[in-house]
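> So that you have it, the file is work.cif, and it contains mmCIF, C-alpha atoms (C1' of nucleotides):
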```cif
data_run
#
loop_
_atom_site.label_atom_id
_atom_site.label_comp_id
_atom_site.auth_asym_id
_atom_site.auth_seq_id
_atom_site.Cartn_x
_atom_site.Cartn_y
_atom_site.Cartn_z
CA MET A 1 26.98 1.76 29.99
CA HIS A 2 30.15 3.51 28.96
CA GLU A 3 29.82 6.77 27.04
CA GLY A 4 32.14 5.62 24.23
CA ILE A 5 29.90 2.89 22.92
CA ILE A 6 26.82 5.12 22.87
CA GLU A 7 28.68 7.70 20.86
CA ASN A 8 29.93 4.96 18.55
CA LEU A 9 26.40 3.65 17.96
CA ARG A 10 25.04 7.16 17.41
CA ARG A 11 27.53 7.69 14.61
CA HIS A 12 25.41 5.48 12.35
CA ILE A 13 22.00 5.03 13.93
CA GLU A 14 19.79 6.86 16.44
CA PRO A 15 19.01 4.30 19.09
CA THR A 16 16.17 4.95 21.55
CA GLU A 17 16.70 4.57 25.29
CA GLU A 18 14.92 1.26 25.06
CA GLU A 19 17.14 -0.01 22.26
CA LEU A 20 20.22 1.01 24.21
CA GLU A 21 18.93 -0.99 27.14
CA VAL A 22 18.40 -4.04 24.96
CA PHE A 23 21.95 -3.64 23.72
CA SER A 24 23.44 -3.28 27.17
CA SER A 25 21.53 -6.31 28.41
CA LEU A 26 23.22 -8.39 25.68
CA ALA A 27 26.77 -6.96 25.55
CA PHE A 28 28.97 -7.45 28.59
CA PRO A 29 31.99 -5.56 29.85
CA ARG A 30 35.29 -7.34 30.24
CA THR A 31 38.89 -6.44 30.93
CA VAL A 32 42.03 -8.21 29.75
CA ARG A 33 45.65 -7.78 30.75
CA ARG A 34 48.52 -7.01 28.45
CA LYS A 35 49.44 -10.05 26.31
CA GLU A 36 46.29 -11.87 27.35
CA SER A 37 44.69 -13.87 24.54
CA LEU A 38 41.07 -13.42 23.46
CA LEU A 39 41.09 -15.97 20.65
CA LYS A 40 43.48 -18.68 19.55
CA GLU A 41 43.81 -20.26 16.12
CA GLY A 42 41.75 -23.43 15.99
CA ASP A 43 39.18 -22.24 18.50
CA VAL A 44 35.81 -20.83 17.52
CA ALA A 45 35.39 -17.05 17.77
CA ARG A 46 32.47 -16.72 20.17
CA HIS A 47 32.47 -12.95 20.60
CA GLN A 48 32.65 -9.69 18.83
CA PHE A 49 34.37 -6.92 20.80
CA PHE A 50 34.10 -3.18 21.14
CA VAL A 51 37.25 -1.62 22.58
CA VAL A 52 36.54 0.97 25.26
CA GLU A 53 40.17 1.52 26.20
CA GLY A 54 43.45 -0.16 25.32
CA CYS A 55 44.42 -1.96 22.13
CA LEU A 56 44.06 -5.39 20.52
CA ARG A 57 45.82 -7.03 17.63
CA THR A 58 44.60 -9.72 15.24
CA TYR A 59 47.31 -11.89 13.72
CA THR A 60 48.01 -15.12 11.90
CA ILE A 61 50.93 -17.52 12.11
CA ASP A 62 52.29 -18.88 8.82
CA GLN A 63 53.87 -22.26 8.01
CA ALA A 64 57.30 -20.90 8.95
CA GLY A 65 55.96 -19.86 12.35
CA LYS A 66 56.03 -16.15 11.62
CA GLU A 67 53.33 -13.80 12.86
CA HIS A 68 51.49 -11.37 10.59
CA VAL A 69 49.33 -8.57 11.99
CA LEU A 70 45.99 -8.28 10.17
CA MET A 71 44.62 -5.35 12.14
CA PHE A 72 44.81 -3.34 15.33
CA ALA A 73 41.79 -2.35 17.40
CA PRO A 74 42.43 0.65 19.67
CA GLU A 75 39.68 2.59 21.45
CA ASP A 76 36.40 2.94 19.56
CA TRP A 77 37.11 0.03 17.21
CA TRP A 78 35.09 -3.12 16.76
CA CYS A 79 36.94 -6.38 16.38
CA SER A 80 36.02 -10.04 16.24
CA GLY A 81 39.40 -11.64 15.71
CA ASP A 82 37.92 -13.92 13.07
CA LEU A 83 34.60 -12.83 11.65
CA PHE A 84 34.20 -15.91 9.48
CA SER A 85 34.62 -18.14 12.50
CA TYR A 86 32.20 -15.96 14.49
CA PHE A 87 29.42 -16.25 11.92
CA SER A 88 30.03 -19.78 10.66
CA GLY A 89 31.11 -21.56 13.82
CA GLN A 90 34.15 -22.92 11.95
CA LYS A 91 37.60 -22.96 13.48
CA SER A 92 39.40 -19.64 13.59
CA VAL A 93 42.55 -19.12 11.53
CA ASN A 94 43.44 -15.91 13.38
CA ASN A 95 44.63 -15.06 16.87
CA LEU A 96 43.51 -12.11 18.96
CA GLU A 97 45.52 -10.64 21.80
CA ALA A 98 45.75 -7.50 23.91
CA LEU A 99 48.74 -5.21 23.34
CA GLU A 100 47.85 -3.15 26.40
CA ALA A 101 45.60 -3.62 29.41
CA THR A 102 42.24 -3.30 27.67
CA SER A 103 38.62 -2.83 28.67
CA LEU A 104 35.96 -3.89 26.22
CA LEU A 105 32.39 -4.91 25.62
CA GLN A 106 31.73 -8.34 24.20
CA ILE A 107 28.68 -9.69 22.45
CA SER A 108 28.15 -13.33 21.56
CA LYS A 109 26.69 -14.47 18.25
CA GLU A 110 23.60 -15.77 20.04
CA ASN A 111 23.03 -12.40 21.67
CA LEU A 112 23.70 -10.53 18.45
CA ASP A 113 20.94 -12.56 16.77
CA ILE A 114 18.62 -11.65 19.63
CA LEU A 115 19.65 -8.03 19.25
CA TYR A 116 18.78 -8.07 15.54
CA LEU A 117 15.34 -9.43 16.39
CA ARG A 118 14.55 -7.08 19.25
CA ALA A 119 16.19 -3.98 17.78
CA PRO A 120 16.34 -4.35 13.98
CA LYS A 121 18.03 -0.97 13.74
CA PHE A 122 21.24 -2.75 14.66
CA GLU A 123 21.06 -4.66 11.41
CA ARG A 124 21.65 -1.27 9.81
CA PHE A 125 24.40 -0.40 12.27
CA PHE A 126 26.44 -3.49 11.48
CA ARG A 127 25.71 -3.13 7.78
CA ILE A 128 27.39 0.27 7.88
CA LEU A 129 30.17 -1.02 10.13
CA PHE A 130 31.07 -3.80 7.70
CA GLN A 131 30.66 -1.46 4.78
CA ASN A 132 33.32 0.78 6.31
CA ALA A 133 35.53 -2.18 7.17
CA PHE A 134 35.30 -3.30 3.56
CA VAL A 135 36.42 0.12 2.33
CA PHE A 136 39.21 0.18 4.92
CA HIS A 137 40.57 -3.17 3.82
CA GLN A 138 40.29 -2.36 0.14
CA ASN A 139 42.35 0.76 0.75
CA ARG A 140 44.96 -1.33 2.41
CA ILE A 141 45.06 -3.83 -0.43
CA ASN A 142 45.46 -0.93 -2.80
CA ALA A 143 48.41 0.36 -0.75
CA ASN A 144 49.93 -3.12 -0.69
CA LEU A 145 49.73 -3.33 -4.46
CA SER A 146 50.76 0.18 -5.40
CA GLN A 147 52.92 1.59 -2.61
CA PRO A 148 56.40 0.74 -1.33
CA ALA A 149 56.90 0.18 2.40
CA GLU A 150 57.08 3.91 3.18
CA GLY A 151 53.68 4.59 1.63
CA ARG A 152 52.19 1.66 3.52
CA TYR A 153 53.59 3.04 6.77
CA ASP A 154 51.99 6.34 5.90
CA LEU A 155 48.60 4.66 5.47
CA PHE A 156 49.11 2.97 8.84
CA THR A 157 49.70 6.30 10.62
CA ARG A 158 46.62 7.79 8.95
CA SER A 159 44.54 4.73 9.84
CA TYR A 160 45.63 4.63 13.48
CA PRO A 161 46.70 8.15 14.52
CA GLY A 162 49.06 8.12 17.49
CA LEU A 163 49.31 4.36 17.68
CA GLU A 164 52.88 4.29 16.31
CA SER A 165 54.22 5.60 19.63
CA ARG A 166 52.11 3.28 21.79
CA ILE A 167 53.02 -0.16 20.58
CA PRO A 168 56.27 -2.05 19.84
CA GLN A 169 57.29 -1.24 16.31
CA LYS A 170 57.82 -4.85 15.33
CA TYR A 171 54.02 -5.10 15.15
CA ILE A 172 53.87 -2.11 12.84
CA ALA A 173 56.54 -3.71 10.65
CA SER A 174 54.43 -6.86 10.54
CA TYR A 175 51.28 -4.88 9.68
CA ILE A 176 52.87 -3.14 6.72
CA GLY A 177 54.54 -6.36 5.62
CA VAL A 178 58.27 -5.90 6.21
CA THR A 179 60.80 -7.33 8.65
CA PRO A 180 61.55 -5.43 11.89
CA GLU A 181 65.15 -5.00 10.67
CA PHE A 182 64.11 -3.38 7.44
CA PHE A 183 61.51 -1.22 9.17
CA SER A 184 64.20 0.07 11.50
CA GLN A 185 66.40 1.13 8.57
CA MET A 186 63.45 2.62 6.75
CA LYS A 187 62.54 4.82 9.70
CA ALA A 188 66.16 6.01 9.94
CA ASN A 189 66.10 6.89 6.23
CA MET A 190 62.81 8.72 6.58
CA SER A 191 63.94 10.97 9.42
CA ARG A 192 67.14 11.72 7.50
CA LYS A 193 65.06 12.98 4.56
CA LYS A 194 62.50 15.15 6.33
CA PRO A 195 63.15 15.61 10.05
CA MET B 196 13.83 -10.55 -13.52
CA HIS B 197 16.76 -12.84 -14.17
CA GLU B 198 16.94 -16.08 -12.22
CA GLY B 199 20.53 -15.42 -11.04
CA ILE B 200 19.76 -12.43 -8.89
CA ILE B 201 16.80 -14.13 -7.17
CA GLU B 202 19.00 -17.06 -6.29
CA ASN B 203 21.66 -14.64 -5.06
CA LEU B 204 19.21 -12.81 -2.81
CA ARG B 205 17.78 -16.08 -1.48
CA ARG B 206 21.23 -17.13 -0.36
CA HIS B 207 20.96 -14.71 2.58
CA ILE B 208 17.32 -13.64 2.96
CA GLU B 209 13.90 -15.00 2.02
CA PRO B 210 12.28 -12.24 0.01
CA THR B 211 8.52 -12.33 -0.60
CA GLU B 212 7.12 -11.87 -4.10
CA GLU B 213 6.27 -8.32 -3.13
CA GLU B 214 9.78 -7.56 -1.95
CA LEU B 215 11.22 -8.99 -5.14
CA GLU B 216 8.95 -6.67 -7.08
CA VAL B 217 10.11 -3.68 -5.09
CA PHE B 218 13.66 -4.68 -5.82
CA SER B 219 13.11 -5.13 -9.52
CA SER B 220 11.34 -1.78 -9.75
CA LEU B 221 14.50 -0.10 -8.37
CA ALA B 222 17.32 -2.09 -10.01
CA PHE B 223 17.69 -1.85 -13.77
CA PRO B 224 19.30 -4.14 -16.32
CA ARG B 225 22.16 -2.90 -18.42
CA THR B 226 24.69 -4.34 -20.82
CA VAL B 227 28.24 -3.16 -21.49
CA ARG B 228 30.70 -4.12 -24.19
CA ARG B 229 34.18 -5.48 -23.65
CA LYS B 230 36.55 -2.71 -22.46
CA GLU B 231 33.65 -0.34 -21.79
CA SER B 232 34.07 1.77 -18.66
CA LEU B 233 31.49 1.89 -15.86
CA LEU B 234 33.36 4.28 -13.57
CA LYS B 235 36.38 6.52 -13.98
CA GLU B 236 38.69 7.86 -11.26
CA GLY B 237 37.50 11.33 -10.25
CA ASP B 238 33.84 10.66 -11.04
CA VAL B 239 31.29 9.77 -8.39
CA ALA B 240 30.20 6.13 -8.22
CA ARG B 241 26.45 6.38 -8.77
CA HIS B 242 25.63 2.68 -8.96
CA GLN B 243 26.16 -0.64 -7.39
CA PHE B 244 26.15 -3.56 -9.83
CA PHE B 245 25.15 -7.19 -9.81
CA VAL B 246 26.83 -9.18 -12.58
CA VAL B 247 24.43 -11.52 -14.38
CA GLU B 248 26.91 -12.60 -17.05
CA GLY B 249 30.42 -11.53 -18.03
CA CYS B 250 33.15 -10.02 -15.87
CA LEU B 251 34.22 -6.65 -14.49
CA ARG B 252 37.48 -5.46 -12.99
CA THR B 253 38.08 -2.69 -10.43
CA TYR B 254 41.51 -1.06 -10.62
CA THR B 255 43.55 1.96 -9.55
CA ILE B 256 46.31 3.84 -11.34
CA ASP B 257 49.36 4.80 -9.26
CA GLN B 258 51.66 7.85 -9.52
CA ALA B 259 53.86 6.00 -12.02
CA GLY B 260 50.82 5.35 -14.22
CA LYS B 261 50.64 1.64 -13.45
CA GLU B 262 47.34 -0.18 -13.03
CA HIS B 263 46.55 -2.37 -10.02
CA VAL B 264 43.57 -4.71 -10.00
CA LEU B 265 41.61 -4.54 -6.72
CA MET B 266 38.98 -7.12 -7.58
CA PHE B 267 37.19 -9.00 -10.29
CA ALA B 268 33.44 -9.40 -10.50
CA PRO B 269 32.34 -12.36 -12.61
CA GLU B 270 28.77 -13.76 -12.64
CA ASP B 271 26.92 -13.66 -9.34
CA TRP B 272 29.20 -11.00 -7.81
CA TRP B 273 28.23 -7.59 -6.55
CA CYS B 274 30.52 -4.68 -7.31
CA SER B 275 30.38 -0.93 -6.90
CA GLY B 276 33.78 0.08 -8.24
CA ASP B 277 34.27 2.45 -5.34
CA LEU B 278 32.01 1.86 -2.36
CA PHE B 279 33.27 4.86 -0.44
CA SER B 280 32.43 7.11 -3.35
CA TYR B 281 29.03 5.44 -3.73
CA PHE B 282 28.04 6.08 -0.12
CA SER B 283 29.76 9.40 0.49
CA GLY B 284 29.33 11.12 -2.86
CA GLN B 285 33.08 11.87 -2.87
CA LYS B 286 35.20 11.41 -5.97
CA SER B 287 36.13 7.86 -6.82
CA VAL B 288 39.77 6.75 -6.64
CA ASN B 289 39.05 3.53 -8.52
CA ASN B 290 38.14 2.64 -12.07
CA LEU B 291 35.65 0.00 -13.17
CA GLU B 292 35.65 -1.64 -16.57
CA ALA B 293 34.26 -4.70 -18.35
CA LEU B 294 36.71 -7.47 -19.27
CA GLU B 295 34.05 -9.21 -21.34
CA ALA B 296 30.69 -8.30 -22.80
CA THR B 297 28.70 -8.13 -19.58
CA SER B 298 25.06 -7.97 -18.57
CA LEU B 299 24.24 -6.59 -15.15
CA LEU B 300 21.70 -5.02 -12.84
CA GLN B 301 22.42 -1.59 -11.47
CA ILE B 302 20.95 0.17 -8.45
CA SER B 303 21.56 3.80 -7.59
CA LYS B 304 22.21 5.03 -4.05
CA GLU B 305 18.87 6.88 -4.07
CA ASN B 306 17.04 3.70 -5.03
CA LEU B 307 18.96 1.63 -2.51
CA ASP B 308 17.80 4.00 0.24
CA ILE B 309 14.23 3.59 -0.98
CA LEU B 310 14.73 -0.16 -1.02
CA TYR B 311 15.90 -0.15 2.62
CA LEU B 312 12.76 1.78 3.58
CA ARG B 313 10.27 -0.27 1.64
CA ALA B 314 11.90 -3.66 2.21
CA PRO B 315 14.04 -3.49 5.37
CA LYS B 316 15.03 -7.11 4.87
CA PHE B 317 17.57 -5.82 2.36
CA GLU B 318 19.40 -4.05 5.16
CA ARG B 319 20.17 -7.55 6.37
CA PHE B 320 21.08 -8.75 2.90
CA PHE B 321 23.70 -6.07 2.39
CA ARG B 322 24.93 -6.45 5.96
CA ILE B 323 25.75 -10.08 5.17
CA LEU B 324 27.14 -9.14 1.75
CA PHE B 325 29.60 -6.65 3.25
CA GLN B 326 30.39 -9.03 6.08
CA ASN B 327 31.48 -11.59 3.50
CA ALA B 328 33.37 -8.98 1.51
CA PHE B 329 35.21 -8.00 4.68
CA VAL B 330 36.23 -11.62 5.31
CA PHE B 331 37.23 -12.01 1.66
CA HIS B 332 39.49 -8.97 1.76
CA GLN B 333 41.01 -9.88 5.10
CA ASN B 334 41.93 -13.27 3.65
CA ARG B 335 43.62 -11.56 0.79
CA ILE B 336 45.56 -9.24 3.08
CA ASN B 337 46.65 -12.26 5.02
CA ALA B 338 47.87 -13.92 1.82
CA ASN B 339 49.69 -10.74 0.84
CA LEU B 340 51.49 -10.67 4.17
CA SER B 341 52.26 -14.34 4.62
CA GLN B 342 52.42 -15.93 1.17
CA PRO B 343 54.85 -15.60 -1.73
CA ALA B 344 53.45 -14.95 -5.22
CA GLU B 345 52.59 -18.63 -5.79
CA GLY B 346 50.42 -18.81 -2.71
CA ARG B 347 48.64 -15.61 -3.71
CA TYR B 348 47.95 -17.06 -7.13
CA ASP B 349 46.53 -20.10 -5.41
CA LEU B 350 44.15 -17.91 -3.40
CA PHE B 351 43.12 -16.20 -6.62
CA THR B 352 42.19 -19.49 -8.30
CA ARG B 353 40.21 -20.53 -5.23
CA SER B 354 38.48 -17.14 -5.08
CA TYR B 355 37.56 -17.06 -8.75
CA PRO B 356 37.34 -20.66 -10.03
CA GLY B 357 37.83 -20.90 -13.78
CA LEU B 358 38.53 -17.22 -14.25
CA GLU B 359 42.26 -17.80 -14.89
CA SER B 360 41.49 -19.16 -18.36
CA ARG B 361 38.96 -16.46 -19.27
CA ILE B 362 40.92 -13.24 -18.85
CA PRO B 363 44.34 -11.94 -19.96
CA GLN B 364 46.87 -13.06 -17.41
CA LYS B 365 48.41 -9.64 -17.02
CA TYR B 366 45.34 -8.77 -14.95
CA ILE B 367 45.89 -11.79 -12.73
CA ALA B 368 49.54 -10.74 -12.29
CA SER B 369 48.33 -7.30 -11.29
CA TYR B 370 45.79 -8.76 -8.85
CA ILE B 371 48.37 -10.87 -7.03
CA GLY B 372 50.85 -8.00 -7.09
CA VAL B 373 53.61 -9.05 -9.47
CA THR B 374 54.72 -7.96 -12.94
CA PRO B 375 53.39 -9.82 -15.99
CA GLU B 376 56.97 -10.88 -16.76
CA PHE B 377 57.48 -12.42 -13.36
CA PHE B 378 54.07 -14.07 -13.44
CA SER B 379 54.92 -15.71 -16.73
CA GLN B 380 58.10 -17.19 -15.28
CA MET B 381 56.32 -18.27 -12.14
CA LYS B 382 53.70 -20.19 -14.09
CA ALA B 383 56.44 -21.94 -16.08
CA ASN B 384 58.15 -22.93 -12.82
CA MET B 385 54.90 -24.20 -11.34
CA SER B 386 54.03 -26.50 -14.25
CA ARG B 387 57.59 -27.83 -14.19
CA LYS B 388 57.15 -28.83 -10.54
CA LYS B 389 53.72 -30.51 -10.64
CA PRO B 390 52.27 -30.90 -14.13
"C1'" DC C 391 67.95 -3.53 39.50
"C1'" DG C 392 68.25 -7.44 36.74
"C1'" DT C 393 66.41 -10.00 33.05
"C1'" DC C 394 64.04 -10.50 29.02
"C1'" DT C 395 62.46 -8.38 24.89
"C1'" DA C 396 62.89 -5.02 21.34
"C1'" DT C 397 65.74 -2.31 18.27
"C1'" DT C 398 69.72 -1.28 15.67
"C1'" DT C 399 73.61 -2.32 12.67
"C1'" DG C 400 76.04 -4.90 9.14
"C1'" DA C 401 77.18 -8.46 5.58
"C1'" DA C 402 75.69 -11.80 2.37
"C1'" DT C 403 71.73 -13.54 -0.26
"C1'" DG C 404 67.57 -13.89 -2.98
"C1'" DT C 405 63.26 -12.63 -4.84
"C1'" DA C 406 61.03 -9.90 -7.79
"C1'" DC C 407 61.76 -5.79 -10.81
"C1'" DT C 408 63.14 -3.03 -15.09
"C1'" DC C 409 64.20 -2.74 -19.72
"C1'" DA C 410 64.56 -4.72 -24.20
"C1'" DA C 411 63.27 -7.69 -27.77
"C1'" DA C 412 61.26 -11.78 -29.84
"C1'" DA C 413 57.42 -14.91 -30.30
"C1'" DG C 414 52.55 -15.99 -29.99
"C1'" DC C 415 47.68 -15.16 -30.23
"C1'" DG C 416 43.25 -13.12 -31.34
"C1'" DG C 417 40.15 -9.86 -33.15
"C1'" DT C 418 38.95 -7.16 -37.13
"C1'" DG C 419 38.59 -5.84 -41.74
"C1'" DG C 420 39.38 -6.76 -46.42
"C1'" DC D 421 38.07 -17.05 -44.52
"C1'" DC D 422 42.40 -15.57 -44.41
"C1'" DA D 423 45.90 -12.17 -43.38
"C1'" DC D 424 47.37 -8.65 -40.93
"C1'" DC D 425 47.97 -5.64 -37.00
"C1'" DG D 426 48.13 -4.87 -32.26
"C1'" DC D 427 48.09 -6.59 -27.87
"C1'" DT D 428 49.75 -10.22 -24.80
"C1'" DT D 429 53.08 -13.47 -23.32
"C1'" DT D 430 57.61 -15.22 -23.16
"C1'" DT D 431 62.62 -15.00 -22.61
"C1'" DG D 432 66.90 -13.04 -20.95
"C1'" DA D 433 70.33 -9.90 -18.72
"C1'" DG D 434 71.35 -6.76 -15.32
"C1'" DT D 435 69.65 -4.42 -11.00
"C1'" DA D 436 67.39 -3.03 -6.68
"C1'" DC D 437 64.86 -3.62 -2.79
"C1'" DA D 438 64.00 -6.30 0.98
"C1'" DT D 439 65.35 -10.61 3.38
"C1'" DT D 440 68.07 -13.75 6.45
"C1'" DC D 441 71.32 -14.48 9.93
"C1'" DA D 442 74.27 -12.85 13.46
"C1'" DA D 443 75.68 -9.91 17.04
"C1'" DA D 444 75.73 -5.69 19.67
"C1'" DT D 445 73.01 -2.15 22.00
"C1'" DA D 446 69.05 -0.15 24.12
"C1'" DG D 447 64.92 -0.21 26.66
"C1'" DA D 448 60.88 -1.81 29.45
"C1'" DC D 449 58.50 -4.43 32.91
"C1'" DG D 450 58.11 -6.85 37.07
#
```
Show me the file's structure as structure tokens.


Amino acid sequence: MHEGIIENLRRHIEPTEEELEVFSSLAFPRTVRRKESLLKEGDVARHQFFVVEGCLRTYTIDQAGKEHVLMFAPEDWWCSGDLFSYFSGQKSVNNLEALEATSLLQISKENLDILYLRAPKFERFFRILFQNAFVFHQNRINANLSQPAEGRYDLFTRSYPGLESRIPQKYIASYIGVTPEFFSQMKANMSRKKP
Amino acid sequence: MHEGIIENLRRHIEPTEEELEVFSSLAFPRTVRRKESLLKEGDVARHQFFVVEGCLRTYTIDQAGKEHVLMFAPEDWWCSGDLFSYFSGQKSVNNLEALEATSLLQISKENLDILYLRAPKFERFFRILFQNAFVFHQNRINANLSQPAEGRYDLFTRSYPGLESRIPQKYIASYIGVTPEFFSQMKANMSRKKP
DNA sequence: CGTCTATTTGAATGTACTCAAAAGCGGTGG
DNA sequence: CCACCGCTTTTGAGTACATTCAAATAGACG
């Protein structure tokens, strides 16, 4: 099993060798190409993913056909695309796609349930994971409510260090909630102020 | 112990009588008056709350001194005010206050840790709780990105049925991210369209 | 190297904001 | 129980920030 995931697990729990083996018998490696889709709106999210290398994006498409980026998942992030769909079996409202060639681990809901039974410590792990995700998203809502576009871009760079130079900036514009055109102007203004 | 919390716990786990007793020996009832504060920015969030009756609001104050409502917590909701502060012991960036006379149960971080040890089933309970909170907040981010103010108001009414007629509407305006003045106009427009 | 996609630039438009003031409503005390 | 005071909501005028649409330029991938 890849080193990254072990380190990631150890951040919140102390799994035994045996528990790690249970995990690795239930979570499978997978690679996807750039632009390849992992989940489409209307399908059921069957997997939760851990990104070993590369980057994913979760997005929705509104009535007008415009895309909106909900989150990115670069290395060391967990991502399900649509957690509600994953746990409920309902249709997904989100899409999930690779922005770069990406290698990941995937675990199905069935296997996650088995994991919880055989290694209850993982219940704690995902509790903490979702706890952190909750805090992360509340921070973002706070920025959306209280900050103009520049402040929201700032939160993006702090949330995903280095990512701004890896991915097309139209996705960043979408994440912070402005048009690509406006984002372009904003960046020009920012570098004029403090270069 | 109040019926509401037992029902709430049973929604996700099946606690034994013994486990319920452990819980009720660690979570204490409390009442607060309208406008009373439960957490102030800069303090450490020492408790997590379950609302038995009444309603709380979590909010931040920006550089310009304006308040922004992050969430409401009417009956049957859990709320910590600032979860990051609660778990890390860092200073809170949020405020928490009662919008109505409210009765609640509070559990400290110390007691929650004891609860996890003595009744590990609660690890699962809070895992599911945060999972749902994560989905809830991601929905809201999606609405913020893809919906105009009317659509965000619609999500609010679906998230908190009946609450719109219980609390001052300036808080609703703040929650959906518009000024009270604009919200007032918007409501007038909406009832003109489909009364 | 060519083609397709992303970014920049500009002009016209609109949505939501600020500031100011009047009207309405509700809680509290006399 | 009523009247008053303060907070909340409404209304309106002028403004700003971000959008749409269009077109030119730059850049990246196969």

> Residues at most 8 Å from segment 422-431 of chain D, counting only C-alpha atoms (C1' of nucleotides), excluding those fewer than 6 positions away in the same chain, as a ChimeraX atom specification?

/B:363,365,376,379 /C:413-415

> Excluding same-chain residues fewer than 4 positions from segment 117-119 of chain A, what lies within 8 Å of it counting only C-alpha atoms (C1' of nucleotides), as a list in words?

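What passes the distance filter is Glu19, Val22 and Asp113 of chain A.
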
> Check what the PyMOL selection byres ((chain D and resi 447) around 10) selects in the file above and give those residues as a list of chain:residue names.

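Going through the file, the PyMOL selection byres ((chain D and resi 447) around 10) ends up selecting C:DT395, C:DA396, C:DT397, D:DT445, D:DA446, D:DA448, D:DC449.
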
> Applying 10 Å and all atoms listed in the file, which residues near segment 319-332 of chain B remain after dropping the ones on its own chain fewer than 5 positions away? List them as a VMD selection string.

(chain A and resid 82 to 85 87 116 120 122 to 138 140 to 141) or (chain B and resid 203 to 210 265 to 266 272 to 273 311 337 to 338 354)

> Please compute the atom C1' of DA438 of chain D-atom CA of Asp62 of chain A distance, one decimal, in Å.

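Rounded to one decimal, the two atoms are 18.9 Å apart.
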
> Would you kindly translate the PyMOL selection byres ((chain D and resi 442) around 12) into the concrete residues it picks from this file, as a list in words?

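This file, filtered by the PyMOL selection byres ((chain D and resi 442) around 12), leaves DT399, DG400, DA401 and DA402 of chain C; DT440, DC441, DA443 and DA444 of chain D.
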